[in-house]
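Report on the structure given below.
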Amino acid sequence: MDKVVIAEDLSLSYSSEEAIINQVNFSIDSGSFVFITGASGSGKSTLLKSLYGALKPKYGSLVVGGVELRKVSRSKLNFLRRHIGIVFQDYKLVKEWTIEKNIMLPLIINGYGKDVTQKQVDSLLKHVRLTHQAGKYPLELSGGEQQRVAMARALSHNPILILADEPTGNLDDYSSQLIWNLLEGANTQLKTTVIVVTHHIPVSMNVEYKHFHIEYGRIHAVN
Amino acid sequence: MQSIKNHISLVIALLSILFSIQIFIIVDRSIASYKQNLTNSYSMVIVSQKSIDNNTTLGFSPLISSVSELTPDSIIKRLNTNMNNKNIELLKLSLPKFYKIQLNSYPSPDEIKALTKSILRYPTITKVEDFAHNHDTIYKLLLLFKGVVAIFAVTIFVVTSLLIFKELRIWQFKHSERMSIMGLFGAPGWLRSAVLFRLALMDAFISSFMAFALFTYLSYNSWVLQQFGNVGINIIIFNQIDDFILLFGTAVFLSILLAMLIVVGHKEEA
Ligand SMILES: Nc1ncnc2c1ncn2[C@@H]1O[C@H](COP(=O)(O)OP(=O)(O)O)[C@@H](O)[C@H]1O
Ligand SMILES: [Mg+2]
């Protein structure tokens with residue numbers, strides 16, 4: 001089976017401080033559904049950052065989608081990122097753009113036509129139950145609504161890999177279930193690899209998943 | 001509302017810069033016009049024992065633009081008591097010749113000195129009246145004017161730099177977040193900065209057209225025209241083609257420069 005992520009002796013740290021992720025080895029099969037858990041401050045977000053190339057490996061190697069991230073050119077990184085959908089812990093929505101335009105961003109970057117873009121955005125807005133908010137700006141929405149916008153944006157361009165950092169952290173049970181359904185849908189129907197950082201793995205998962213746990217800078221496979 | 005807010009601060013900064021530039025141009029033109037007035041009213045008088053033909057006089061210096069002979073009639077008329085015509089004719093013959101020369105630009109005191117000297121070399125010329133004292137005062141006034149304009153220009157430059165620098169900080173703050181987010185979804189550099197350049201260009205358009213409207217209005221405003229008329233200065237306040245091109249070019253240049261500084265200064269967040 002193809003590997004979408006291969007980490008060998010991977011160490012991550014900010015500046016010259018001690019390693020937050022320390023010499024870990026793991027790989028993620030393409031098309032799989034992965035949960036990453038760990039105490040807060042254990043390095044979950046840090047690991048995700050490295051997967052989309054925002055934090056270069058200190059030591060070891062990290063290959064994502066066939067691209068070695070330790071020494072990657074800007075254009076190659078851009079290319080890789082165009083095939084990844086990210087849900088950030090702090091959402092990272094563009095404040096001066098409407099909800100609709102925010103969701104469109106990856107489609108615009110990937111050069112989709114107007115009609116395709118609009119159709120896709122309308123369908124996603126419906127899925128995250130935000131159709132009536134389309135013209136609003138992020139700061140006019142609640143935290144939970146912003147999180148759903150971030151989810152819609154991450155899914156919009158049918159990426160091969162979705163990285164979601166606590167995507168249900170701010171949501172009630174109903175909205176959380178909406179998000180899990182979307183992620184499961186992408187995984188089963190589009191064979192998208194999904195990597196989710198979360199504190200609670202939902203009990204009612206309908207897909208098979210792998211579970212990694214981060215502790216003291218190491219990553220263990222739980223199942 | 002949001003979109004207006006995005007534009008207003010740079011438009012105001014650009015507009016005040018364009019305003020200063022055009023005011024500078026107007027002052028500069030006023031001085032040039034004033035100088036032309038001075039040149040027209042300034043003349044020297046040459047006294048010669050014999051008549052000199054105009055071409056010879058013109059040959060004294062390239063500064064000289066025209067020569068005209070002063071007829072002694074008016075002086076004689078004043079003297080005129082009860083001389084008969086014959087005596088007047090005799091007197092006229094014995095009188096030296098007077099020539100008034102005009103220059104093609106307003107001379108500096110040194111130029112006057114040099115010119116006087118070279119004219120006096122001509123054998124029949126006995127005297128050159130250069131009205132130097134009078135001229136000196138006016139010339140100093142003109143230098144003062146020019147000094148004031150130079151200070152004004154430097155002030156514009158400083159204020160412009162400060163305004164642009166302040167805008168730069170605001171813009172850096174405002175746009176870096178969006179540029180980072182676009183980068184996280186793999187937008188290439190040109191696309192990340194496209195919004196910035198579009199906004200910058202739009203602001204350049206808006207501010208130069210506002211300046212166009214303002215100065216077009218001023219150049220037809222009767223009160224303004226009257227003020228210039230009062231001091232005998234006749235200038236083009238706003239040339240709707242040449243001046244506009246200059247203002248528009250400046251606005252585009254500054255806003256693009258601003259956008260480029262931001263793109264260059266943008267750092268990816270880790
Ligand atoms: N940008 C940063 N610069 C320096 N240290 C950071 C930065 N981001 C996170 N850290 C530190 O790295 C550690 C792991 O953080 P993080 O990956 O965000 O944890 P979490 O598992 O809660 O997502 C923490 O000790 C945090 O203080
Ligand atoms: Mg985190």
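If you're wondering about the labels, chains in the structure tokens are A, B, ... by order shown, residues count from 1 in each chain, ligands from 1 in order shown.
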
Would you mind listing the residues within 9 Å of ligand 2, counting only C-alpha atoms and all ligand atoms, as number ranges by chain?
A: 40-46, 48, 88-89, 165-166, 197-198

Take the residues from that selection and write them out as an mmCIF file, in the first residue's frame, keeping C-alpha atoms.
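Result written to again35.cif:
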```cif
data_model
loop_
_atom_site.group_PDB
_atom_site.id
_atom_site.type_symbol
_atom_site.label_atom_id
_atom_site.label_comp_id
_atom_site.auth_asym_id
_atom_site.auth_seq_id
_atom_site.Cartn_x
_atom_site.Cartn_y
_atom_site.Cartn_z
ATOM 1 C CA SER A 40 -2.267 19.560 25.462
ATOM 2 C CA GLY A 41 1.209 20.881 24.801
ATOM 3 C CA SER A 42 2.425 17.421 23.807
ATOM 4 C CA GLY A 43 3.200 18.489 20.228
ATOM 5 C CA LYS A 44 0.153 17.481 18.184
ATOM 6 C CA SER A 45 -0.152 20.830 16.380
ATOM 7 C CA THR A 46 3.598 20.893 15.965
ATOM 8 C CA LEU A 48 0.719 18.721 11.858
ATOM 9 C CA PHE A 88 -6.262 24.996 11.720
ATOM 10 C CA GLN A 89 -6.803 25.003 15.443
ATOM 11 C CA ASP A 165 -6.375 20.177 14.216
ATOM 12 C CA GLU A 166 -9.110 19.652 16.815
ATOM 13 C CA VAL A 197 -5.872 15.699 16.010
ATOM 14 C CA THR A 198 -8.503 15.387 18.699
#
```

Chain A contacts to chain B at 7 Å (only C-alpha atoms) as a list of chain:residue names
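Selected residues: A:Ala54, A:Leu55, A:Asn78, A:Phe79, A:Arg81, A:Arg82, A:Lys92, A:Val94, A:Pro106, A:Ile109.
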
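Minimum atom-to-atom distance to A:Leu107, evaluated using only C-alpha atoms, belongs to A:Ala152 out of A:Val63, A:Leu10, A:Leu77, A:Ala152.
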
Applying 12 Å and only C-alpha atoms, which residues near stretch 250-255 of chain B remain after dropping the ones on its own chain fewer than 3 positions away? List them as a PyMOL selection string.
chain B and resi 7+10-22+160-161+163-165+167-168+171+196-211+243-247+258-262

Nearest-residue call for B:Tyr34, choices B:Thr216, B:Ser105, B:Ser176, B:Asn221, using only C-alpha atoms:
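Using only C-alpha atoms, B:Tyr34 sits closest to B:Ser105.
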
Check chain A with DSSP on the backbone and list each residue it calls strand (DSSP E or B), as a ChimeraX atom specification.
/A:3-12,21-29,33-38,59-64,67-68,84-88,91,161-165,193-197,210-215,218-221

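The residue that comes closest to A:Tyr91, out of A:Asp172, A:Glu145, A:Asp29, A:Asp115 and on the basis of only C-alpha atoms, is A:Glu145.
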
Please report the interatomic distance between atom 10 (N, counted along the ligand's line) of ligand 1 and atom CA of A:His83 in Å with one decimal.
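According to the coordinates, atom 10 (N, counted along the ligand's line) of ligand 1 and atom CA of A:His83 are separated by 25.9 Å.
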